[in-house]
file upload.txt (compact mmCIF, C-alpha atoms)
# COMPACT_ATOMS: atom_id res chain seq x y z
CA MET A 1471 88.77 88.11 88.01
CA LYS A 1472 91.54 90.58 88.71
CA VAL A 1473 90.54 93.56 90.81
CA ILE A 1474 92.89 96.44 91.57
CA GLU A 1475 92.62 99.56 93.69
CA VAL A 1476 93.87 102.74 92.05
CA GLY A 1477 94.12 106.40 92.90
CA ARG A 1478 96.48 106.25 95.85
CA ALA A 1479 99.35 107.91 93.95
CA GLY A 1480 97.19 110.89 93.05
CA THR A 1481 95.88 111.23 96.57
CA ASP A 1482 99.37 110.78 98.06
CA ALA A 1483 100.49 113.92 96.21
CA ASN A 1484 97.35 115.67 97.41
CA ASP A 1485 98.01 114.56 100.99
CA ARG A 1486 101.42 116.23 100.91
CA ASP A 1487 99.92 119.46 99.55
CA ALA A 1488 97.24 119.30 102.23
CA ASP A 1489 99.75 118.87 105.08
CA LEU A 1490 101.73 121.86 103.83
CA LEU A 1491 98.61 124.01 103.55
CA ARG A 1492 97.51 122.99 107.05
CA ARG A 1493 100.84 124.19 108.50
CA GLU A 1494 100.73 127.46 106.55
CA LEU A 1495 97.21 128.17 107.82
CA LYS A 1496 98.35 127.50 111.39
CA GLU A 1497 101.07 130.14 110.99
CA LYS A 1498 98.41 132.60 109.81
CA ASP A 1499 96.11 131.67 112.73
CA LEU A 1500 93.39 130.55 110.32
CA PHE A 1501 91.35 127.54 111.48
CA LEU A 1502 89.95 125.75 108.45
CA ILE A 1503 86.95 123.41 108.63
CA ASN A 1504 85.96 121.16 105.74
CA LEU A 1505 82.16 120.95 105.81
CA MET A 1506 80.82 118.07 103.74
CA SER A 1507 77.36 116.74 102.95
CA ALA A 1508 74.99 115.76 100.19
CA ALA A 1509 73.30 118.49 98.17
CA GLY A 1510 70.38 120.15 99.93
CA SER A 1511 71.33 119.02 103.44
CA GLY A 1512 71.16 122.51 104.91
CA LYS A 1513 74.87 123.44 105.05
CA THR A 1514 74.25 127.13 104.36
CA THR A 1515 71.35 127.33 106.82
CA LEU A 1516 73.45 125.68 109.55
CA LEU A 1517 76.33 128.08 108.89
CA SER A 1518 74.08 131.14 108.80
CA ARG A 1519 72.68 130.35 112.24
CA THR A 1520 76.12 129.44 113.63
CA ILE A 1521 77.61 132.72 112.39
CA THR A 1522 74.78 134.71 113.98
CA ASP A 1523 74.84 132.78 117.28
CA LEU A 1524 78.61 133.09 117.68
CA ARG A 1525 78.80 136.80 116.90
CA GLY A 1526 81.18 138.36 119.44
CA LYS A 1527 82.73 134.97 120.26
CA ALA A 1528 84.18 134.01 116.92
CA SER A 1529 84.43 135.65 113.54
CA ILE A 1530 83.59 133.15 110.81
CA GLY A 1531 84.25 133.30 107.08
CA VAL A 1532 82.87 130.94 104.47
CA MET A 1533 84.19 129.61 101.16
CA GLU A 1534 81.30 128.17 99.16
CA ALA A 1535 82.43 125.55 96.68
CA ASP A 1536 79.94 124.72 93.98
CA LEU A 1537 79.72 123.65 90.38
CA ALA A 1538 78.03 126.94 89.52
CA SER A 1539 75.81 129.73 90.92
CA ASP A 1540 76.55 132.01 93.87
CA VAL A 1541 73.33 131.91 95.87
CA ASP A 1542 74.97 130.32 98.93
CA ALA A 1543 77.81 132.85 99.13
CA ALA A 1544 75.33 135.70 98.73
CA ALA A 1545 73.29 134.36 101.68
CA ILE A 1546 76.40 134.35 103.90
CA GLU A 1547 77.46 137.80 102.73
CA ALA A 1548 74.01 139.12 103.61
CA LEU A 1549 74.84 138.29 107.25
CA GLY A 1550 77.88 140.56 107.06
CA ALA A 1551 80.32 137.62 107.13
CA ALA A 1552 83.27 137.27 104.76
CA SER A 1553 82.45 134.87 101.95
CA ILE A 1554 83.67 133.82 98.56
CA GLN A 1555 82.08 131.66 95.90
CA VAL A 1556 84.37 129.01 94.46
CA HIS A 1557 83.47 127.28 91.19
CA THR A 1558 85.06 123.89 90.73
CA GLY A 1559 84.95 123.65 86.95
CA GLY A 1560 82.46 120.79 86.96
CA CYS A 1561 84.27 118.73 89.56
CA CYS A 1562 82.55 117.19 92.51
CA HIS A 1563 85.10 117.76 95.24
CA MET A 1564 87.74 120.18 96.52
CA ASP A 1565 91.35 119.06 96.86
CA ALA A 1566 94.27 120.83 98.53
CA VAL A 1567 95.39 122.66 95.39
CA MET A 1568 91.90 123.99 94.77
CA THR A 1569 91.52 125.00 98.42
CA ARG A 1570 94.82 126.88 98.30
CA GLU A 1571 93.64 128.76 95.19
CA ALA A 1572 90.39 129.66 96.92
CA LEU A 1573 92.21 130.87 100.05
CA GLU A 1574 94.57 133.03 98.01
CA ALA A 1575 91.60 134.79 96.38
CA PHE A 1576 89.64 135.11 99.62
CA ASP A 1577 89.70 138.33 101.64
CA ALA A 1578 88.77 136.80 104.99
CA GLY A 1579 89.09 140.11 106.87
CA GLU A 1580 88.77 139.56 110.62
CA ALA A 1581 87.59 135.97 110.26
CA ARG A 1582 89.70 133.39 112.11
CA ILE A 1583 87.44 130.37 111.61
CA LEU A 1584 86.97 129.54 107.94
CA PHE A 1585 84.43 127.04 106.72
CA LEU A 1586 84.95 125.41 103.36
CA GLU A 1587 81.50 124.34 102.19
CA ASN A 1588 82.56 121.46 100.01
CA VAL A 1589 80.67 120.40 96.88
CA GLY A 1590 77.43 118.60 97.72
CA ASN A 1591 77.98 114.88 97.51
CA LEU A 1592 78.82 112.15 100.01
CA LEU A 1593 81.48 110.38 97.94
CA CYS A 1594 84.46 112.26 96.51
CA PRO A 1595 84.83 115.02 99.10
CA ALA A 1596 85.57 112.31 101.68
CA GLU A 1597 88.50 111.09 99.56
CA TYR A 1598 90.42 114.35 99.32
CA ASP A 1599 92.24 116.05 102.16
CA THR A 1600 91.72 119.79 101.62
CA GLY A 1601 94.25 120.88 104.22
CA ALA A 1602 91.49 121.57 106.76
CA HIS A 1603 92.14 121.20 110.51
CA LEU A 1604 88.73 119.71 111.15
CA LYS A 1605 86.23 117.74 109.10
CA VAL A 1606 82.54 118.09 109.80
CA MET A 1607 79.80 116.31 107.91
CA ILE A 1608 76.09 116.96 107.79
CA LEU A 1609 73.39 114.36 107.43
CA SER A 1610 69.93 115.83 107.10
CA LEU A 1611 67.11 113.85 108.64
CA PRO A 1612 65.16 113.38 105.37
CA GLU A 1613 68.17 111.60 103.83
CA GLY A 1614 67.57 108.64 106.11
CA ASP A 1615 69.30 106.80 108.95
CA ASP A 1616 70.88 104.25 106.57
CA LYS A 1617 73.41 106.68 105.06
CA PRO A 1618 76.33 105.42 107.21
CA LEU A 1619 75.86 102.02 105.56
CA LYS A 1620 75.99 103.51 102.06
CA TYR A 1621 78.72 106.14 102.45
CA PRO A 1622 80.98 104.74 105.16
CA LEU A 1623 84.11 106.70 104.24
CA MET A 1624 82.52 110.10 104.87
CA PHE A 1625 81.49 108.97 108.38
CA ARG A 1626 84.91 107.44 109.04
CA GLU A 1627 86.73 110.61 108.01
CA SER A 1628 84.67 113.17 109.91
CA ASP A 1629 85.41 114.58 113.37
CA ALA A 1630 81.78 115.57 113.85
CA LEU A 1631 78.40 114.68 112.40
CA VAL A 1632 75.67 117.31 112.52
CA ILE A 1633 72.23 115.83 111.94
CA THR A 1634 70.16 118.70 110.58
CA LYS A 1635 66.43 119.32 110.10
CA MET A 1636 65.54 117.56 113.36
CA ASP A 1637 62.35 119.66 113.43
CA ALA A 1638 61.11 117.52 110.53
CA ALA A 1639 61.31 114.33 112.67
CA PRO A 1640 57.50 113.92 112.97
CA TYR A 1641 57.20 113.66 109.18
CA PHE A 1642 59.93 111.11 108.55
CA ASP A 1643 60.71 107.59 109.62
CA PHE A 1644 64.22 108.45 110.84
CA ASP A 1645 65.66 106.38 113.68
CA LEU A 1646 68.09 108.75 115.43
CA GLU A 1647 69.53 106.03 117.66
CA ALA A 1648 70.14 103.77 114.66
CA ALA A 1649 71.86 106.60 112.79
CA LYS A 1650 74.08 107.31 115.81
CA ARG A 1651 74.88 103.64 116.33
CA ARG A 1652 75.80 103.15 112.68
CA ALA A 1653 78.00 106.25 112.62
CA LYS A 1654 79.76 105.25 115.86
CA ALA A 1655 80.32 101.71 114.55
CA LEU A 1656 82.31 103.23 111.67
CA ASN A 1657 83.99 105.91 113.75
CA PRO A 1658 83.84 105.55 117.55
CA LYS A 1659 85.35 109.03 118.04
CA ILE A 1660 82.81 110.92 115.93
CA GLU A 1661 80.88 113.62 117.83
CA ILE A 1662 77.19 113.71 116.92
CA PHE A 1663 74.95 116.77 117.13
CA PRO A 1664 71.27 116.51 116.23
CA VAL A 1665 70.12 120.07 115.52
CA SER A 1666 67.46 122.21 113.98
CA ALA A 1667 68.82 125.48 112.67
CA LYS A 1668 65.19 126.54 112.34
CA THR A 1669 64.09 126.09 115.97
CA GLY A 1670 67.58 126.37 117.48
CA GLU A 1671 67.32 122.89 119.05
CA GLY A 1672 70.77 121.44 119.68
CA MET A 1673 72.63 124.42 118.21
CA GLU A 1674 74.36 125.35 121.47
CA ALA A 1675 75.99 121.92 121.89
CA TRP A 1676 77.32 122.08 118.31
CA GLU A 1677 78.55 125.66 118.72
CA ASN A 1678 80.25 124.95 122.05
CA TRP A 1679 82.01 121.94 120.57
CA LEU A 1680 83.18 124.10 117.67
CA LEU A 1681 84.54 126.81 119.98
CA THR A 1682 86.31 124.22 122.14
CA ALA A 1683 87.89 122.54 119.10
CA TRP A 1684 89.10 125.96 117.92
CA GLU A 1685 90.56 126.84 121.33
CA ARG A 1686 92.38 123.50 121.57
CA TRP A 1687 93.83 124.03 118.10
CA ARG A 1688 95.02 127.53 119.04
CA GLU A 1689 96.74 126.19 122.13
CA ASP A 1690 98.46 123.48 120.12
CA ALA A 1691 102.05 124.41 119.34
CA MET B 1157 80.24 138.82 95.51
CA LYS B 1158 83.62 137.46 94.54
CA VAL B 1159 83.52 134.31 92.44
CA ILE B 1160 86.64 132.38 91.46
CA GLU B 1161 87.28 129.35 89.29
CA VAL B 1162 89.67 126.77 90.76
CA GLY B 1163 91.07 123.40 89.81
CA ARG B 1164 93.03 124.31 86.68
CA ALA B 1165 96.42 123.71 88.34
CA GLY B 1166 95.46 120.16 89.32
CA THR B 1167 94.09 119.37 85.90
CA ASP B 1168 97.12 120.95 84.15
CA ALA B 1169 99.37 118.40 85.89
CA ASN B 1170 96.93 115.66 84.93
CA ASP B 1171 96.91 116.85 81.31
CA ARG B 1172 100.69 116.44 81.13
CA ASP B 1173 100.46 112.92 82.59
CA ALA B 1174 97.71 112.10 80.11
CA ASP B 1175 99.72 113.27 77.08
CA LEU B 1176 102.67 111.17 78.16
CA LEU B 1177 100.50 108.09 78.69
CA ARG B 1178 98.87 108.59 75.26
CA ARG B 1179 102.29 108.54 73.58
CA GLU B 1180 103.44 105.48 75.53
CA LEU B 1181 100.29 103.58 74.52
CA LYS B 1182 100.89 104.52 70.88
CA GLU B 1183 104.35 102.96 71.06
CA LYS B 1184 102.78 99.78 72.44
CA ASP B 1185 100.09 99.80 69.71
CA LEU B 1186 97.32 100.00 72.30
CA PHE B 1187 94.31 102.12 71.30
CA LEU B 1188 92.60 103.41 74.42
CA ILE B 1189 88.99 104.61 74.46
CA ASN B 1190 87.51 106.47 77.42
CA LEU B 1191 83.86 105.39 77.63
CA MET B 1192 81.78 107.71 79.79
CA SER B 1193 78.14 107.83 80.84
CA ALA B 1194 75.77 108.02 83.78
CA ALA B 1195 75.23 104.92 85.90
CA GLY B 1196 72.93 102.36 84.35
CA SER B 1197 73.19 103.63 80.79
CA GLY B 1198 74.10 100.26 79.32
CA LYS B 1199 77.90 100.61 78.92
CA THR B 1200 78.60 96.96 79.64
CA THR B 1201 75.78 95.74 77.41
CA LEU B 1202 77.00 97.93 74.53
CA LEU B 1203 80.56 96.65 74.98
CA SER B 1204 79.48 93.02 75.24
CA ARG B 1205 77.67 93.22 71.90
CA THR B 1206 80.48 95.21 70.27
CA ILE B 1207 83.07 92.64 71.39
CA THR B 1208 80.98 89.78 69.99
CA ASP B 1209 80.15 91.54 66.71
CA LEU B 1210 83.77 92.49 66.04
CA ARG B 1211 85.26 89.06 66.79
CA GLY B 1212 87.82 88.33 64.08
CA LYS B 1213 88.10 92.03 63.14
CA ALA B 1214 89.38 93.49 66.38
CA SER B 1215 90.40 92.12 69.73
CA ILE B 1216 88.95 94.26 72.51
CA GLY B 1217 89.88 94.43 76.19
CA VAL B 1218 87.98 96.25 78.90
CA MET B 1219 88.99 98.02 82.09
CA GLU B 1220 85.92 98.46 84.28
CA ALA B 1221 86.28 101.36 86.70
CA ASP B 1222 83.83 101.36 89.57
CA LEU B 1223 83.50 102.36 93.19
CA ALA B 1224 83.07 98.71 94.14
CA SER B 1225 81.84 95.31 92.89
CA ASP B 1226 83.11 93.35 89.91
CA VAL B 1227 79.91 92.33 88.14
CA ASP B 1228 80.73 94.31 84.98
CA ALA B 1229 84.22 92.89 84.57
CA ALA B 1230 82.88 89.38 85.16
CA ALA B 1231 80.30 89.88 82.36
CA ILE B 1232 83.06 90.90 79.94
CA GLU B 1233 85.31 88.02 81.02
CA ALA B 1234 82.46 85.60 80.39
CA LEU B 1235 82.70 86.59 76.69
CA GLY B 1236 86.33 85.47 76.66
CA ALA B 1237 87.63 89.04 76.42
CA ALA B 1238 90.45 90.41 78.56
CA SER B 1239 89.06 92.46 81.42
CA ILE B 1240 90.09 93.94 84.72
CA GLN B 1241 88.06 95.49 87.50
CA VAL B 1242 89.41 98.80 88.76
CA HIS B 1243 88.22 100.19 92.10
CA THR B 1244 88.59 103.93 92.44
CA GLY B 1245 88.65 104.18 96.22
CA GLY B 1246 85.36 106.04 96.38
CA CYS B 1247 86.20 108.54 93.70
CA CYS B 1248 83.86 109.38 90.86
CA HIS B 1249 86.26 109.63 87.96
CA MET B 1250 89.48 108.19 86.51
CA ASP B 1251 92.46 110.46 85.89
CA ALA B 1252 95.69 109.74 84.02
CA VAL B 1253 97.58 108.46 87.07
CA MET B 1254 94.79 106.05 87.94
CA THR B 1255 94.52 104.89 84.32
CA ARG B 1256 98.25 104.22 84.20
CA GLU B 1257 98.00 102.13 87.38
CA ALA B 1258 95.13 100.16 85.88
CA LEU B 1259 97.04 99.56 82.62
CA GLU B 1260 100.11 98.36 84.50
CA ALA B 1261 98.03 95.75 86.32
CA PHE B 1262 96.07 94.70 83.23
CA ASP B 1263 97.08 91.65 81.22
CA ALA B 1264 95.45 92.70 77.94
CA GLY B 1265 96.74 89.65 76.04
CA GLU B 1266 95.98 89.96 72.31
CA ALA B 1267 93.70 92.96 72.76
CA ARG B 1268 94.69 96.05 70.77
CA ILE B 1269 91.58 98.16 71.46
CA LEU B 1270 91.12 98.86 75.15
CA PHE B 1271 87.97 100.39 76.54
CA LEU B 1272 88.15 102.18 79.86
CA GLU B 1273 84.63 102.07 81.27
CA ASN B 1274 84.81 105.18 83.38
CA VAL B 1275 82.88 105.62 86.64
CA GLY B 1276 79.18 106.21 86.03
CA ASN B 1277 78.47 109.91 86.22
CA LEU B 1278 78.17 112.70 83.66
CA LEU B 1279 80.22 115.29 85.55
CA CYS B 1280 83.74 114.55 86.76
CA PRO B 1281 84.85 112.02 84.14
CA ALA B 1282 84.45 114.78 81.52
CA GLU B 1283 86.91 116.95 83.43
CA TYR B 1284 89.83 114.53 83.52
CA ASP B 1285 91.93 113.46 80.56
CA THR B 1286 92.73 109.79 81.13
CA GLY B 1287 95.29 109.55 78.32
CA ALA B 1288 92.77 107.92 75.99
CA HIS B 1289 93.00 108.40 72.21
CA LEU B 1290 89.24 108.63 71.81
CA LYS B 1291 86.38 109.71 74.05
CA VAL B 1292 82.98 108.12 73.62
CA MET B 1293 79.93 108.92 75.70
CA ILE B 1294 76.69 107.07 76.11
CA LEU B 1295 73.31 108.63 76.65
CA SER B 1296 70.57 106.09 77.24
CA LEU B 1297 67.15 106.98 75.93
CA PRO B 1298 65.39 106.85 79.33
CA GLU B 1299 67.73 109.57 80.65
CA GLY B 1300 66.01 112.13 78.42
CA ASP B 1301 66.83 114.36 75.45
CA ASP B 1302 67.62 117.34 77.71
CA LYS B 1303 70.91 115.93 79.02
CA PRO B 1304 73.08 118.03 76.66
CA LEU B 1305 71.62 121.11 78.35
CA LYS B 1306 72.47 119.84 81.83
CA TYR B 1307 75.89 118.26 81.23
CA PRO B 1308 77.37 120.29 78.36
CA LEU B 1309 81.03 119.51 79.06
CA MET B 1310 80.63 115.76 78.54
CA PHE B 1311 79.05 116.40 75.13
CA ARG B 1312 81.71 118.96 74.19
CA GLU B 1313 84.55 116.61 75.10
CA SER B 1314 83.34 113.46 73.36
CA ASP B 1315 84.26 112.29 69.85
CA ALA B 1316 81.14 110.14 69.62
CA LEU B 1317 77.79 109.90 71.33
CA VAL B 1318 76.09 106.51 71.41
CA ILE B 1319 72.40 106.76 72.25
CA THR B 1320 71.50 103.39 73.76
CA LYS B 1321 68.25 101.57 74.52
CA MET B 1322 66.59 102.86 71.32
CA ASP B 1323 64.30 99.81 71.47
CA ALA B 1324 62.61 101.48 74.47
CA ALA B 1325 61.57 104.49 72.33
CA PRO B 1326 57.84 103.60 72.31
CA TYR B 1327 57.72 103.83 76.11
CA PHE B 1328 59.49 107.17 76.54
CA ASP B 1329 58.96 110.72 75.40
CA PHE B 1330 62.47 111.04 73.93
CA ASP B 1331 62.93 113.42 70.99
CA LEU B 1332 65.89 111.96 69.07
CA GLU B 1333 66.18 114.95 66.74
CA ALA B 1334 66.19 117.36 69.69
CA ALA B 1335 68.90 115.31 71.44
CA LYS B 1336 71.02 115.30 68.25
CA ARG B 1337 70.49 119.01 67.66
CA ARG B 1338 71.45 119.88 71.26
CA ALA B 1339 74.55 117.69 71.15
CA LYS B 1340 75.65 119.14 67.78
CA ALA B 1341 75.08 122.70 69.05
CA LEU B 1342 77.65 122.00 71.77
CA ASN B 1343 80.00 120.00 69.57
CA PRO B 1344 79.47 120.18 65.78
CA LYS B 1345 82.04 117.39 65.20
CA ILE B 1346 80.42 114.81 67.49
CA GLU B 1347 79.38 111.59 65.73
CA ILE B 1348 76.00 110.30 66.91
CA PHE B 1349 74.92 106.65 66.86
CA PRO B 1350 71.42 105.69 68.03
CA VAL B 1351 71.59 101.97 68.84
CA SER B 1352 69.91 99.11 70.56
CA ALA B 1353 72.38 96.50 71.76
CA LYS B 1354 69.34 94.29 72.35
CA THR B 1355 67.90 94.27 68.80
CA GLY B 1356 71.16 95.14 67.04
CA GLU B 1357 69.65 98.31 65.51
CA GLY B 1358 72.35 100.83 64.63
CA MET B 1359 75.20 98.66 65.95
CA GLU B 1360 76.92 98.27 62.58
CA ALA B 1361 77.26 102.04 62.05
CA TRP B 1362 78.82 102.41 65.51
CA GLU B 1363 81.15 99.45 65.02
CA ASN B 1364 82.27 100.60 61.56
CA TRP B 1365 83.02 104.05 62.91
CA LEU B 1366 85.05 102.49 65.72
CA LEU B 1367 87.08 100.33 63.31
CA THR B 1368 87.72 103.33 61.03
CA ALA B 1369 88.85 105.50 63.95
CA TRP B 1370 91.21 102.71 65.04
CA GLU B 1371 92.64 102.28 61.52
CA ARG B 1372 93.22 106.02 61.16
CA TRP B 1373 94.98 106.10 64.50
CA ARG B 1374 97.23 103.17 63.50
CA GLU B 1375 98.20 104.94 60.25
CA ASP B 1376 99.03 108.12 62.13
CA ALA B 1377 102.76 108.48 62.66
call {"tool": "encode", "arguments": {"input": "upload.txt", "output": "structure tokens"}}
result
Amino acid sequence: MKVIEVGRAGTDANDRDADLLRRELKEKDLFLINLMSAAGSGKTTLLSRTITDLRGKASIGVMEADLASDVDAAAIEALGAASIQVHTGGCCHMDAVMTREALEAFDAGEARILFLENVGNLLCPAEYDTGAHLKVMILSLPEGDDKPLKYPLMFRESDALVITKMDAAPYFDFDLEAAKRRAKALNPKIEIFPVSAKTGEGMEAWENWLLTAWERWREDA
Amino acid sequence: MKVIEVGRAGTDANDRDADLLRRELKEKDLFLINLMSAAGSGKTTLLSRTITDLRGKASIGVMEADLASDVDAAAIEALGAASIQVHTGGCCHMDAVMTREALEAFDAGEARILFLENVGNLLCPAEYDTGAHLKVMILSLPEGDDKPLKYPLMFRESDALVITKMDAAPYFDFDLEAAKRRAKALNPKIEIFPVSAKTGEGMEAWENWLLTAWERWREDA
């Protein structure tokens, strides 16, 4: 049985676009974070709380990529933060060309940290470099501690893993240590932040890490 | 709230690649069919029966695109048909570049009709022209008659809709006329074939349509 791996040529071209975009954003002092997760993991809730908590320390803008609807972008805008809704024409991921288009249409105002809320799925977004400087993934507690086993690439590719909805721990059979161990086995460098955007638990550690990553990036020539 | 649509630039480049591939395949007398559906809809079972039924009339080869595993390609090979397993590196669709790579690695032998079994989902595969001459989608009865409402693009893009697992009709609340009406509302030209690859019901109509489409394509200059 012959088995071949395809798709590298397409992603090679995307990788070049992404590297170029990353350099252009650096020149504009715009720090871009690719935020990935499954649908319904609490991306918008995490961002809303982060934006509010970091007011005065960092100005954050959000690009909400979605197949349709604009409820997430409206929620961010209601906080007074710059946001734009990006429709992906039915596709399940953002690539560098799409991210560039979104950035060109986005009036980020004062924002210097831009989150790209990628389309909600744990597969394709992990495959495509968007030109972001940092990749953060969310795993929500109800999704289960076995997700690193099923979607290894997403865990391998991410700089940080935010485990959301920790306040729901009493209702679910989620083994936090097992989730951490499985994520670290795939990616020893991954930073892990269990949080509850509802109660505030763990938010400070995540926010401090984010600010530090941003400062380091700014200092980088 | 600003809302933008992205992704056209990427798919424009893909469309050019796809047109070129389509012409090259025509010169080689290879008729390529992009077969799309959700996971578990019975693509491999439909193809297995079609290959067997058309023995002597048409030689069929199959490229099985999947995230991983090679069970589908092995099932086709067991019938004595040319097959190759294509892994998409985690991505949820095939594009023209990936299809070209697969074709270059594929020893199709005598086969003149090649099916590309696309990755199992109803979203992304509809967005990407693979260079195929014909697009066929499968809807399996247990998925429900409302699918045209939820995944309109796939129905709009397809030349034919094969409704599989019709033998399971007694166990499901599937309104065949509603499914047909919804599909035709999106795409008045779509040909619809309710079949059961298990009992053979409806297979001849589907197979005759396939042979006719192939003959027409061969006669086309």
call {"tool": "closest_atom_pairs", "arguments": {"input": "upload.txt", "of": "chain A", "to": "chain B", "cutoff": "7 Å", "atoms": "only C-alpha atoms", "output": "tab-separated table"}}
result
residue	atom	partner	partner_atom	distance
A:Met1471	CA	B:Ala1230	CA	6.7
A:Lys1472	CA	B:Ile1240	CA	5.4
A:Val1473	CA	B:Gln1241	CA	4.6
A:Ile1474	CA	B:Val1242	CA	5.1
A:Glu1475	CA	B:His1243	CA	4.7
A:Val1476	CA	B:Met1254	CA	5.4
A:Gly1477	CA	B:Met1254	CA	5.0
A:Gly1480	CA	B:Val1253	CA	6.5
A:Ala1544	CA	B:Met1157	CA	6.6
A:Ile1554	CA	B:Lys1158	CA	5.4
A:Gln1555	CA	B:Val1159	CA	4.6
A:Val1556	CA	B:Ile1160	CA	5.1
A:His1557	CA	B:Glu1161	CA	4.7
A:Thr1558	CA	B:Val1162	CA	5.4
A:Gly1559	CA	B:Glu1161	CA	6.6
A:Gly1560	CA	B:Leu1279	CA	6.1
A:Cys1561	CA	B:Cys1280	CA	5.1
A:Cys1562	CA	B:Cys1280	CA	6.4
A:Val1567	CA	B:Gly1166	CA	6.6
A:Met1568	CA	B:Gly1163	CA	5.1
A:Glu1571	CA	B:Val1162	CA	6.3
A:Ala1572	CA	B:Val1162	CA	6.8
A:Leu1593	CA	B:Gly1246	CA	6.0
A:Cys1594	CA	B:Cys1247	CA	5.0
A:Glu1597	CA	B:Gly1246	CA	6.7
call {"tool": "closest_residue", "arguments": {"input": "upload.txt", "among": "B:Ile1346, B:Val1275, B:Glu1266, B:Ser1215", "to": "Leu1290 (chain B)", "atoms": "all atoms listed in the file"}}
result
B:Ile1346
call {"tool": "closest_residue", "arguments": {"input": "upload.txt", "among": "B:Met1293, B:Ile1319, B:Ala1237, B:Leu1186", "to": "Ala1353 (chain B)", "atoms": "all atoms listed in the file"}}
result
B:Ile1319
call {"tool": "atom_distance", "arguments": {"input": "upload.txt", "atom1": "CA of Lys1336 (chain B)", "atom2": "CA of Lys1306 (chain B)"}}
result
14.4 Å
call {"tool": "closest_residue", "arguments": {"input": "upload.txt", "among": "B:Asp1329, B:Asp1285, B:Asp1185, B:Asp1209", "to": "Asp1173 (chain B)", "atoms": "all atoms listed in the file"}}
result
B:Asp1285
call {"tool": "closest_atom_pairs", "arguments": {"input": "upload.txt", "of": "region 1259-1353 of chain B", "to": "region 1190-1196 of chain B", "cutoff": "7 Å", "atoms": "all atoms listed in the file", "output": "tab-separated table"}}
result
residue	atom	partner	partner_atom	distance
B:Phe1271	CA	B:Asn1190	CA	6.2
B:Leu1272	CA	B:Asn1190	CA	5.0
B:Glu1273	CA	B:Leu1191	CA	5.0
B:Asn1274	CA	B:Met1192	CA	5.3
B:Gly1276	CA	B:Ala1195	CA	4.2
B:Asn1277	CA	B:Ala1194	CA	4.1
B:Leu1278	CA	B:Ala1194	CA	5.3
B:Pro1281	CA	B:Met1192	CA	6.9
B:Ala1288	CA	B:Asn1190	CA	5.6
B:Leu1290	CA	B:Asn1190	CA	6.3
B:Lys1291	CA	B:Asn1190	CA	4.8
B:Val1292	CA	B:Leu1191	CA	4.9
B:Met1293	CA	B:Met1192	CA	4.6
B:Ile1294	CA	B:Ser1193	CA	5.0
B:Leu1295	CA	B:Ser1193	CA	6.4
call {"tool": "write_last_selection", "arguments": {"input": "upload.txt", "atoms": "C-alpha atoms", "output": "PDB file, in the frame of the given file"}}
result
ATOM      1  CA  PHE B1271      87.970 100.390  76.540  1.00  0.00           C
ATOM      2  CA  LEU B1272      88.150 102.180  79.860  1.00  0.00           C
ATOM      3  CA  GLU B1273      84.630 102.070  81.270  1.00  0.00           C
ATOM      4  CA  ASN B1274      84.810 105.180  83.380  1.00  0.00           C
ATOM      5  CA  GLY B1276      79.180 106.210  86.030  1.00  0.00           C
ATOM      6  CA  ASN B1277      78.470 109.910  86.220  1.00  0.00           C
ATOM      7  CA  LEU B1278      78.170 112.700  83.660  1.00  0.00           C
ATOM      8  CA  PRO B1281      84.850 112.020  84.140  1.00  0.00           C
ATOM      9  CA  ALA B1288      92.770 107.920  75.990  1.00  0.00           C
ATOM     10  CA  LEU B1290      89.240 108.630  71.810  1.00  0.00           C
ATOM     11  CA  LYS B1291      86.380 109.710  74.050  1.00  0.00           C
ATOM     12  CA  VAL B1292      82.980 108.120  73.620  1.00  0.00           C
ATOM     13  CA  MET B1293      79.930 108.920  75.700  1.00  0.00           C
ATOM     14  CA  ILE B1294      76.690 107.070  76.110  1.00  0.00           C
ATOM     15  CA  LEU B1295      73.310 108.630  76.650  1.00  0.00           C
TER      16      LEU B1295
END
call {"tool": "residues_around", "arguments": {"input": "upload.txt", "residues": "Glu1183 (chain B)", "least_positions_apart": "6", "cutoff": "12 Å", "atoms": "all atoms listed in the file", "output": "PyMOL selection string"}}
result
chain B and resi 1176-1177+1268+1373-1374+1376-1377
call {"tool": "build_atoms", "arguments": {"input": "upload.txt", "residues": "region 1634-1639 of chain A", "atoms": "N, CA and C atoms", "output": "CSV table (one decimal), keeping the file's coordinate frame"}}
result
chain,number,residue,atom,x,y,z
A,1634,THR,N,71.0,117.5,110.7
A,1634,THR,CA,70.2,118.7,110.6
A,1634,THR,C,68.7,118.4,110.3
A,1635,LYS,N,67.9,119.4,110.4
A,1635,LYS,CA,66.4,119.3,110.1
A,1635,LYS,C,65.7,118.4,111.1
A,1636,MET,N,66.2,118.4,112.3
A,1636,MET,CA,65.5,117.6,113.4
A,1636,MET,C,64.1,118.0,113.6
A,1637,ASP,N,63.8,119.2,113.3
A,1637,ASP,CA,62.4,119.7,113.4
A,1637,ASP,C,61.4,118.9,112.5
A,1638,ALA,N,61.9,118.3,111.5
A,1638,ALA,CA,61.1,117.5,110.5
A,1638,ALA,C,60.9,116.1,111.0
A,1639,ALA,N,61.4,115.7,112.2
A,1639,ALA,CA,61.3,114.3,112.7
A,1639,ALA,C,59.9,113.7,112.6
